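Single-structure report; data block below.
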Amino acid sequence: MKPLWCLTIVATAFALISVFGCQRQPVDPPKAQVNENPQVQEKDPPKLPEPITNSIGMKFVWIPPGSFMMGSPKEEKERLPEESHHKVTLTKGFYMGVYTVTQEEWQVVMGNNPSKFMGDKNLPVERVSWDDCQGFVKKLREKDKKQYRLPTEAEWEYACRAGTITPFHFGETISTDQANYKGDYTYGDGKKGAYRKKTTPVGSFPANAWGLHDMHGNVWQRCQDWYGDYPQKDVVDPQGPDKGEGRVLRGGSWVDAPVFCRSAYRGRLRPGIRDGIRDGTCGLRVCFFVD
């Protein structure tokens, strides 16, 4: 017969096991899966072409092909009927100027400077008509051996949005810390800000997700298209109507309220007119394909 003290120790041990041994142990959080086979590597995302700087110092970034909703949804504040929402597919990527054309660049190519606001070499060129812009593009082609042109209206909006669907590539509203426009006016829940009453040097404000500066405000940007009604169906690589009275302008300017600087807003002017209701408001941005 076992001593009583041995039985007591055994009973105590079983009691402790029954109390503590059945409790759940802490569980570590799941770890991320790791590719443990060094011979099998995960595929890297496609690498975009590098930015390009041309012979006179103009910088360009690659805009990939893709689809987007052009125009504005019905719930967008202060939208206009001519901004009807429709799907656009662009089948070819292209290079787009990081900045609007500067006065220095215009001077190098054209040998003159028509601008109202001068002083800084990085100020955008303005007071240029659509016809003037065609002359610039032609001479730049001859000088640099690339097929430069104005962007189509669809290419411009696609590049401006850079994947966004809001009124501005910044979001639902905009501030004068983000762009140069008439800060006496607001859009949505935005606040009043600076009204600079002139252009600002290109690149003074943050770029969009594709690296393009000043897509909202500063100077209006000429597009290749004649102005016309949007199609009522999905379209591929639209070029605009065959004829019209005005050529498309996009982006707004330093003198415009933010509603006119929205991604979807459409302006227009006759091809030979250099400015709208105020001097110093119309400039350009150029692009080109790579075959």
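So you can find residues: chains in the structure tokens are A, B, ... in the order shown, residues in each start at 1, and ligands are numbered from 1 in order.
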
Just the helix (DSSP H, G or I) stuff from range 67-264 of chain A, please, per backbone DSSP, written as an mmCIF file with N, CA, C and O atoms, in the first residue's frame.
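part09.cif, freshly written:
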data_model
loop_
_atom_site.group_PDB
_atom_site.id
_atom_site.type_symbol
_atom_site.label_atom_id
_atom_site.label_comp_id
_atom_site.auth_asym_id
_atom_site.auth_seq_id
_atom_site.Cartn_x
_atom_site.Cartn_y
_atom_site.Cartn_z
ATOM 1 N N PRO A 81 -24.716 69.813 -69.279
ATOM 2 C CA PRO A 81 -25.302 68.749 -70.118
ATOM 3 C C PRO A 81 -24.332 68.191 -71.151
ATOM 4 O O PRO A 81 -24.403 67.012 -71.507
ATOM 5 N N GLU A 82 -23.426 69.023 -71.677
ATOM 6 C CA GLU A 82 -22.507 68.552 -72.715
ATOM 7 C C GLU A 82 -21.403 67.647 -72.189
ATOM 8 O O GLU A 82 -20.553 67.176 -72.944
ATOM 9 N N GLU A 83 -21.425 67.368 -70.886
ATOM 10 C CA GLU A 83 -20.416 66.487 -70.288
ATOM 11 C C GLU A 83 -20.945 65.062 -70.138
ATOM 12 O O GLU A 83 -20.571 64.344 -69.206
ATOM 13 N N GLN A 103 7.527 79.674 -71.900
ATOM 14 C CA GLN A 103 7.917 80.773 -72.788
ATOM 15 C C GLN A 103 9.310 80.540 -73.364
ATOM 16 O O GLN A 103 9.560 80.845 -74.539
ATOM 17 N N GLU A 104 10.206 79.999 -72.570
ATOM 18 C CA GLU A 104 11.557 79.723 -73.054
ATOM 19 C C GLU A 104 11.532 78.700 -74.185
ATOM 20 O O GLU A 104 12.220 78.867 -75.206
ATOM 21 N N GLU A 105 10.734 77.655 -74.029
ATOM 22 C CA GLU A 105 10.633 76.628 -75.066
ATOM 23 C C GLU A 105 10.015 77.199 -76.340
ATOM 24 O O GLU A 105 10.467 76.907 -77.454
ATOM 25 N N TRP A 106 8.973 78.003 -76.166
ATOM 26 C CA TRP A 106 8.345 78.640 -77.330
ATOM 27 C C TRP A 106 9.346 79.546 -78.049
ATOM 28 O O TRP A 106 9.427 79.540 -79.278
ATOM 29 N N GLN A 107 10.111 80.293 -77.293
ATOM 30 C CA GLN A 107 11.100 81.210 -77.869
ATOM 31 C C GLN A 107 12.145 80.450 -78.683
ATOM 32 O O GLN A 107 12.523 80.865 -79.786
ATOM 33 N N VAL A 108 12.607 79.319 -78.163
ATOM 34 C CA VAL A 108 13.615 78.518 -78.857
ATOM 35 C C VAL A 108 13.085 78.025 -80.199
ATOM 36 O O VAL A 108 13.801 78.033 -81.206
ATOM 37 N N VAL A 109 11.842 77.594 -80.222
ATOM 38 C CA VAL A 109 11.268 77.005 -81.438
ATOM 39 C C VAL A 109 10.755 78.064 -82.403
ATOM 40 O O VAL A 109 10.993 77.998 -83.623
ATOM 41 N N MET A 110 10.048 79.067 -81.890
ATOM 42 C CA MET A 110 9.341 80.030 -82.746
ATOM 43 C C MET A 110 10.088 81.352 -82.930
ATOM 44 O O MET A 110 9.762 82.134 -83.825
ATOM 45 N N TRP A 130 -4.938 78.341 -81.532
ATOM 46 C CA TRP A 130 -4.800 76.962 -82.001
ATOM 47 C C TRP A 130 -3.926 76.931 -83.242
ATOM 48 O O TRP A 130 -3.069 76.048 -83.383
ATOM 49 N N ASP A 131 -4.118 77.892 -84.127
ATOM 50 C CA ASP A 131 -3.286 77.964 -85.329
ATOM 51 C C ASP A 131 -1.817 78.178 -84.969
ATOM 52 O O ASP A 131 -0.919 77.567 -85.570
ATOM 53 N N ASP A 132 -1.541 79.057 -83.995
ATOM 54 C CA ASP A 132 -0.178 79.262 -83.526
ATOM 55 C C ASP A 132 0.432 77.952 -83.016
ATOM 56 O O ASP A 132 1.600 77.641 -83.274
ATOM 57 N N CYS A 133 -0.371 77.202 -82.295
ATOM 58 C CA CYS A 133 0.102 75.937 -81.720
ATOM 59 C C CYS A 133 0.464 74.935 -82.806
ATOM 60 O O CYS A 133 1.422 74.161 -82.662
ATOM 61 N N GLN A 134 -0.290 74.942 -83.910
ATOM 62 C CA GLN A 134 0.040 74.046 -85.013
ATOM 63 C C GLN A 134 1.391 74.412 -85.620
ATOM 64 O O GLN A 134 2.172 73.543 -86.011
ATOM 65 N N GLY A 135 1.667 75.704 -85.688
ATOM 66 C CA GLY A 135 2.975 76.147 -86.169
ATOM 67 C C GLY A 135 4.101 75.700 -85.253
ATOM 68 O O GLY A 135 5.169 75.268 -85.709
ATOM 69 N N PHE A 136 3.879 75.794 -83.935
ATOM 70 C CA PHE A 136 4.874 75.346 -82.964
ATOM 71 C C PHE A 136 5.127 73.853 -83.114
ATOM 72 O O PHE A 136 6.287 73.399 -83.147
ATOM 73 N N VAL A 137 4.059 73.075 -83.204
ATOM 74 C CA VAL A 137 4.185 71.625 -83.323
ATOM 75 C C VAL A 137 4.954 71.250 -84.587
ATOM 76 O O VAL A 137 5.836 70.372 -84.565
ATOM 77 N N LYS A 138 4.653 71.909 -85.691
ATOM 78 C CA LYS A 138 5.329 71.603 -86.952
ATOM 79 C C LYS A 138 6.830 71.863 -86.843
ATOM 80 O O LYS A 138 7.657 71.033 -87.253
ATOM 81 N N LYS A 139 7.200 73.008 -86.295
ATOM 82 C CA LYS A 139 8.629 73.341 -86.176
ATOM 83 C C LYS A 139 9.333 72.430 -85.171
ATOM 84 O O LYS A 139 10.504 72.067 -85.361
ATOM 85 N N LEU A 140 8.624 72.053 -84.094
ATOM 86 C CA LEU A 140 9.230 71.161 -83.109
ATOM 87 C C LEU A 140 9.472 69.785 -83.718
ATOM 88 O O LEU A 140 10.490 69.140 -83.436
ATOM 89 N N ARG A 141 8.561 69.335 -84.566
ATOM 90 C CA ARG A 141 8.762 68.063 -85.271
ATOM 91 C C ARG A 141 10.031 68.105 -86.116
ATOM 92 O O ARG A 141 10.843 67.178 -86.107
ATOM 93 N N GLU A 142 10.178 69.182 -86.858
ATOM 94 C CA GLU A 142 11.337 69.311 -87.738
ATOM 95 C C GLU A 142 12.626 69.371 -86.932
ATOM 96 O O GLU A 142 13.652 68.810 -87.332
ATOM 97 N N LYS A 143 12.569 70.020 -85.786
ATOM 98 C CA LYS A 143 13.759 70.207 -84.951
ATOM 99 C C LYS A 143 14.152 68.932 -84.225
ATOM 100 O O LYS A 143 15.344 68.594 -84.140
ATOM 101 N N ASP A 144 13.161 68.190 -83.726
ATOM 102 C CA ASP A 144 13.443 67.080 -82.821
ATOM 103 C C ASP A 144 13.162 65.703 -83.416
ATOM 104 O O ASP A 144 13.389 64.692 -82.757
ATOM 105 N N GLU A 153 -9.023 65.507 -77.262
ATOM 106 C CA GLU A 153 -9.764 65.838 -76.051
ATOM 107 C C GLU A 153 -9.836 64.626 -75.120
ATOM 108 O O GLU A 153 -9.691 64.758 -73.898
ATOM 109 N N ALA A 154 -10.042 63.435 -75.698
ATOM 110 C CA ALA A 154 -10.119 62.221 -74.876
ATOM 111 C C ALA A 154 -8.776 61.914 -74.218
ATOM 112 O O ALA A 154 -8.726 61.543 -73.039
ATOM 113 N N GLU A 155 -7.705 62.062 -74.954
ATOM 114 C CA GLU A 155 -6.378 61.830 -74.373
ATOM 115 C C GLU A 155 -6.101 62.807 -73.245
ATOM 116 O O GLU A 155 -5.533 62.423 -72.208
ATOM 117 N N TRP A 156 -6.503 64.055 -73.441
ATOM 118 C CA TRP A 156 -6.255 65.049 -72.399
ATOM 119 C C TRP A 156 -6.986 64.673 -71.108
ATOM 120 O O TRP A 156 -6.388 64.667 -70.028
ATOM 121 N N GLU A 157 -8.274 64.354 -71.207
ATOM 122 C CA GLU A 157 -9.033 64.051 -69.992
ATOM 123 C C GLU A 157 -8.544 62.768 -69.332
ATOM 124 O O GLU A 157 -8.458 62.682 -68.097
ATOM 125 N N TYR A 158 -8.223 61.776 -70.139
ATOM 126 C CA TYR A 158 -7.686 60.520 -69.613
ATOM 127 C C TYR A 158 -6.398 60.774 -68.841
ATOM 128 O O TYR A 158 -6.204 60.275 -67.724
ATOM 129 N N ALA A 159 -5.504 61.580 -69.429
ATOM 130 C CA ALA A 159 -4.229 61.897 -68.777
ATOM 131 C C ALA A 159 -4.438 62.741 -67.530
ATOM 132 O O ALA A 159 -3.751 62.564 -66.518
ATOM 133 N N CYS A 160 -5.381 63.672 -67.585
ATOM 134 C CA CYS A 160 -5.677 64.524 -66.434
ATOM 135 C C CYS A 160 -6.181 63.693 -65.254
ATOM 136 O O CYS A 160 -5.716 63.841 -64.132
ATOM 137 N N ARG A 161 -7.110 62.811 -65.527
ATOM 138 C CA ARG A 161 -7.714 62.013 -64.448
ATOM 139 C C ARG A 161 -6.718 61.041 -63.833
ATOM 140 O O ARG A 161 -6.742 60.786 -62.627
ATOM 141 N N PRO A 258 -13.047 77.588 -59.921
ATOM 142 C CA PRO A 258 -12.670 76.174 -59.962
ATOM 143 C C PRO A 258 -13.636 75.280 -60.737
ATOM 144 O O PRO A 258 -13.215 74.250 -61.258
ATOM 145 N N VAL A 259 -14.897 75.668 -60.855
ATOM 146 C CA VAL A 259 -15.842 74.841 -61.613
ATOM 147 C C VAL A 259 -15.380 74.661 -63.053
ATOM 148 O O VAL A 259 -15.617 73.626 -63.677
ATOM 149 N N PHE A 260 -14.682 75.666 -63.595
ATOM 150 C CA PHE A 260 -14.206 75.596 -64.973
ATOM 151 C C PHE A 260 -12.885 74.833 -65.096
ATOM 152 O O PHE A 260 -12.417 74.592 -66.211
ATOM 153 N N CYS A 261 -12.304 74.477 -63.962
ATOM 154 C CA CYS A 261 -11.042 73.740 -63.963
ATOM 155 C C CYS A 261 -11.248 72.236 -63.765
ATOM 156 O O CYS A 261 -10.269 71.478 -63.713
#

Residues within 8 Å of Gly211 in chain A, please, as a ChimeraX atom specification. Count only C-alpha atoms; anything in the same chain fewer than 3 positions from it doesn't count. /A:61,98,207-208

Please, which residues of range 186-270 of chain A, numbered as in this document, come out strand (DSSP E or B) from DSSP, as a compact mmCIF listing (two decimals) with N, CA, C and O atoms, in the first residue's frame?
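What ended up in result.txt:
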# COMPACT_ATOMS: atom_id res chain seq x y z
N GLY A 217 -6.12 74.56 -63.95
CA GLY A 217 -5.75 75.95 -63.75
C GLY A 217 -4.49 76.38 -64.47
O GLY A 217 -3.94 75.67 -65.30
N TRP A 220 -5.35 77.64 -69.94
CA TRP A 220 -6.13 76.70 -70.74
C TRP A 220 -5.19 75.96 -71.68
O TRP A 220 -4.22 76.53 -72.19
N GLN A 221 -5.52 74.71 -71.95
CA GLN A 221 -4.68 73.88 -72.81
C GLN A 221 -5.43 73.48 -74.08
O GLN A 221 -6.54 72.95 -74.01
N ARG A 222 -4.81 73.75 -75.21
CA ARG A 222 -5.42 73.48 -76.51
C ARG A 222 -5.45 71.98 -76.78
O ARG A 222 -4.50 71.26 -76.49
N CYS A 223 -6.54 71.52 -77.36
CA CYS A 223 -6.65 70.13 -77.82
C CYS A 223 -6.82 70.12 -79.33
O CYS A 223 -7.19 71.12 -79.94
N GLN A 224 -6.58 68.97 -79.93
CA GLN A 224 -6.61 68.87 -81.38
C GLN A 224 -8.03 68.95 -81.95
O GLN A 224 -8.24 69.44 -83.06
N ASP A 225 -9.02 68.50 -81.21
CA ASP A 225 -10.38 68.28 -81.73
C ASP A 225 -11.16 69.57 -82.00
O ASP A 225 -11.02 70.56 -81.29
N TRP A 226 -12.04 69.47 -82.99
CA TRP A 226 -13.15 70.40 -83.07
C TRP A 226 -14.10 70.10 -81.92
O TRP A 226 -14.25 68.94 -81.51
N VAL A 235 -16.91 54.40 -77.16
CA VAL A 235 -16.09 54.71 -78.33
C VAL A 235 -14.64 54.29 -78.11
O VAL A 235 -14.18 54.16 -76.97
N VAL A 236 -13.94 54.09 -79.23
CA VAL A 236 -12.53 53.70 -79.20
C VAL A 236 -11.72 54.75 -79.96
O VAL A 236 -12.06 55.10 -81.09
N ARG A 247 -12.29 75.06 -81.55
CA ARG A 247 -11.42 73.97 -81.12
C ARG A 247 -11.46 73.88 -79.59
O ARG A 247 -11.61 74.86 -78.89
N VAL A 248 -11.29 72.66 -79.09
CA VAL A 248 -11.47 72.38 -77.66
C VAL A 248 -10.34 72.99 -76.82
O VAL A 248 -9.17 72.97 -77.19
N LEU A 249 -10.74 73.51 -75.66
CA LEU A 249 -9.82 73.97 -74.61
C LEU A 249 -10.12 73.18 -73.34
O LEU A 249 -11.29 72.90 -73.05
N ARG A 250 -9.10 72.87 -72.57
CA ARG A 250 -9.30 72.13 -71.33
C ARG A 250 -8.48 72.69 -70.19
O ARG A 250 -7.43 73.31 -70.38
N GLY A 267 -14.10 73.70 -72.76
CA GLY A 267 -14.11 75.04 -73.32
C GLY A 267 -13.89 74.98 -74.82
O GLY A 267 -13.59 73.93 -75.38
N ARG A 268 -14.02 76.12 -75.50
CA ARG A 268 -13.78 76.15 -76.96
C ARG A 268 -13.51 77.57 -77.41
O ARG A 268 -13.99 78.54 -76.82
N LEU A 269 -12.74 77.70 -78.47
CA LEU A 269 -12.45 78.97 -79.12
C LEU A 269 -12.23 78.72 -80.61
O LEU A 269 -11.77 77.63 -81.00

Polymer residues at most 9 Å from Ser204 in chain A, only C-alpha atoms, same-chain spacing of 2 or more positions, as a short mmCIF file (atom, residue, chain, number, x, y, z; two decimals) with N, CA and C atoms, in the first residue's frame:
data_model
loop_
_atom_site.label_atom_id
_atom_site.label_comp_id
_atom_site.auth_asym_id
_atom_site.auth_seq_id
_atom_site.Cartn_x
_atom_site.Cartn_y
_atom_site.Cartn_z
N GLN A 178 -3.15 73.77 -54.38
CA GLN A 178 -3.00 72.67 -55.33
C GLN A 178 -2.98 73.13 -56.78
N ALA A 179 -3.48 74.34 -57.04
CA ALA A 179 -3.57 74.83 -58.42
C ALA A 179 -3.74 76.34 -58.42
N ASN A 180 -3.51 76.96 -59.57
CA ASN A 180 -3.63 78.41 -59.74
C ASN A 180 -4.93 78.73 -60.46
N THR A 200 1.56 81.26 -62.95
CA THR A 200 2.66 80.85 -62.07
C THR A 200 3.60 79.94 -62.85
N PRO A 201 4.87 79.85 -62.46
CA PRO A 201 5.81 78.96 -63.17
C PRO A 201 5.29 77.53 -63.21
N VAL A 202 5.53 76.86 -64.33
CA VAL A 202 5.06 75.47 -64.46
C VAL A 202 5.69 74.61 -63.37
N PRO A 206 1.45 70.38 -57.00
CA PRO A 206 1.65 68.93 -57.07
C PRO A 206 1.16 68.32 -58.38
N HIS A 213 1.86 68.00 -64.24
CA HIS A 213 1.60 69.19 -63.43
C HIS A 213 0.63 70.14 -64.13
N ASP A 214 -0.08 70.90 -63.33
CA ASP A 214 -0.94 71.99 -63.83
C ASP A 214 -2.01 71.52 -64.80
#

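Remark: for Glu126 in chain A, the closest of the candidate residues A:Gln239, A:Glu245, A:Thr199, A:Ala194 is A:Thr199 (distances computed over only C-alpha atoms).
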
Nearest residue to His169 in chain A out of A:Pro238, A:Gly283, A:Gly190, A:Gly251, using only C-alpha atoms? A:Gly251

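Minimum atom-to-atom distances from A:Tyr195, A:Tyr148, A:Tyr99, A:Phe68 to Phe289 in chain A were compared using only C-alpha atoms, and the lowest value belongs to A:Tyr148.
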
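In terms of minimum interatomic distance to Asp275 in chain A, A:Val128 ranks closest within A:Ala257, A:Met96, A:Leu90, A:Val128, counting only C-alpha atoms.
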
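Rounded to one decimal, CA of Glu75 in chain A and CA of Gly188 in chain A lie 12.0 Å from each other.
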
Here is a test: counting only C-alpha atoms, which residue of A:Tyr227, A:Pro114, A:Phe288, A:Gly203 is nearest to Trp62 in chain A? A:Phe288

Tell me, in Å to one decimal, how far CA of Thr102 in chain A is from CA of Asp177 in chain A. 21.1 Å

If you count only C-alpha atoms, which residues fall within 9 Å of His86 in chain A, apart from same-chain ones fewer than 4 positions away, as a list in words? Phe68, Met69, Met70, Gly71, Ser72, Tyr230, Pro231, Gln232, Lys233, Asp234 and Val235 of chain A

Go ahead and write the residues just picked, N, CA, C and O atoms, as a compact mmCIF listing (two decimals), in the first residue's frame.
# COMPACT_ATOMS: atom_id res chain seq x y z
N PHE A 68 -11.64 54.55 -69.71
CA PHE A 68 -12.12 55.40 -68.62
C PHE A 68 -13.49 55.95 -68.98
O PHE A 68 -13.93 55.85 -70.13
N MET A 69 -14.15 56.52 -67.98
CA MET A 69 -15.44 57.16 -68.19
C MET A 69 -15.19 58.65 -68.41
O MET A 69 -14.75 59.36 -67.51
N MET A 70 -15.44 59.10 -69.63
CA MET A 70 -15.21 60.50 -70.00
C MET A 70 -16.47 61.30 -69.71
O MET A 70 -17.60 60.79 -69.80
N GLY A 71 -16.30 62.58 -69.37
CA GLY A 71 -17.44 63.40 -68.99
C GLY A 71 -17.65 63.34 -67.48
O GLY A 71 -16.75 62.97 -66.73
N SER A 72 -18.84 63.69 -67.05
CA SER A 72 -19.11 63.72 -65.61
C SER A 72 -20.39 62.97 -65.28
O SER A 72 -21.36 62.98 -66.06
N TYR A 230 -20.77 64.82 -77.57
CA TYR A 230 -20.21 63.52 -77.29
C TYR A 230 -21.09 62.43 -77.91
O TYR A 230 -22.31 62.58 -78.01
N PRO A 231 -20.50 61.28 -78.25
CA PRO A 231 -21.31 60.15 -78.72
C PRO A 231 -22.15 59.58 -77.59
O PRO A 231 -21.80 59.73 -76.41
N GLN A 232 -23.23 58.92 -77.93
CA GLN A 232 -24.12 58.34 -76.93
C GLN A 232 -23.83 56.85 -76.70
O GLN A 232 -24.69 56.11 -76.24
N LYS A 233 -22.63 56.42 -77.04
CA LYS A 233 -22.26 55.02 -76.88
C LYS A 233 -20.76 54.95 -76.58
O LYS A 233 -20.05 55.96 -76.63
N ASP A 234 -20.29 53.75 -76.26
CA ASP A 234 -18.87 53.56 -76.01
C ASP A 234 -18.08 53.81 -77.30
O ASP A 234 -18.55 53.47 -78.39
N VAL A 235 -16.91 54.40 -77.16
CA VAL A 235 -16.09 54.71 -78.33
C VAL A 235 -14.64 54.29 -78.11
O VAL A 235 -14.18 54.16 -76.97

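Interatomic distance, CA of Pro151 in chain A against CA of Pro64 in chain A: 14.1 Å.
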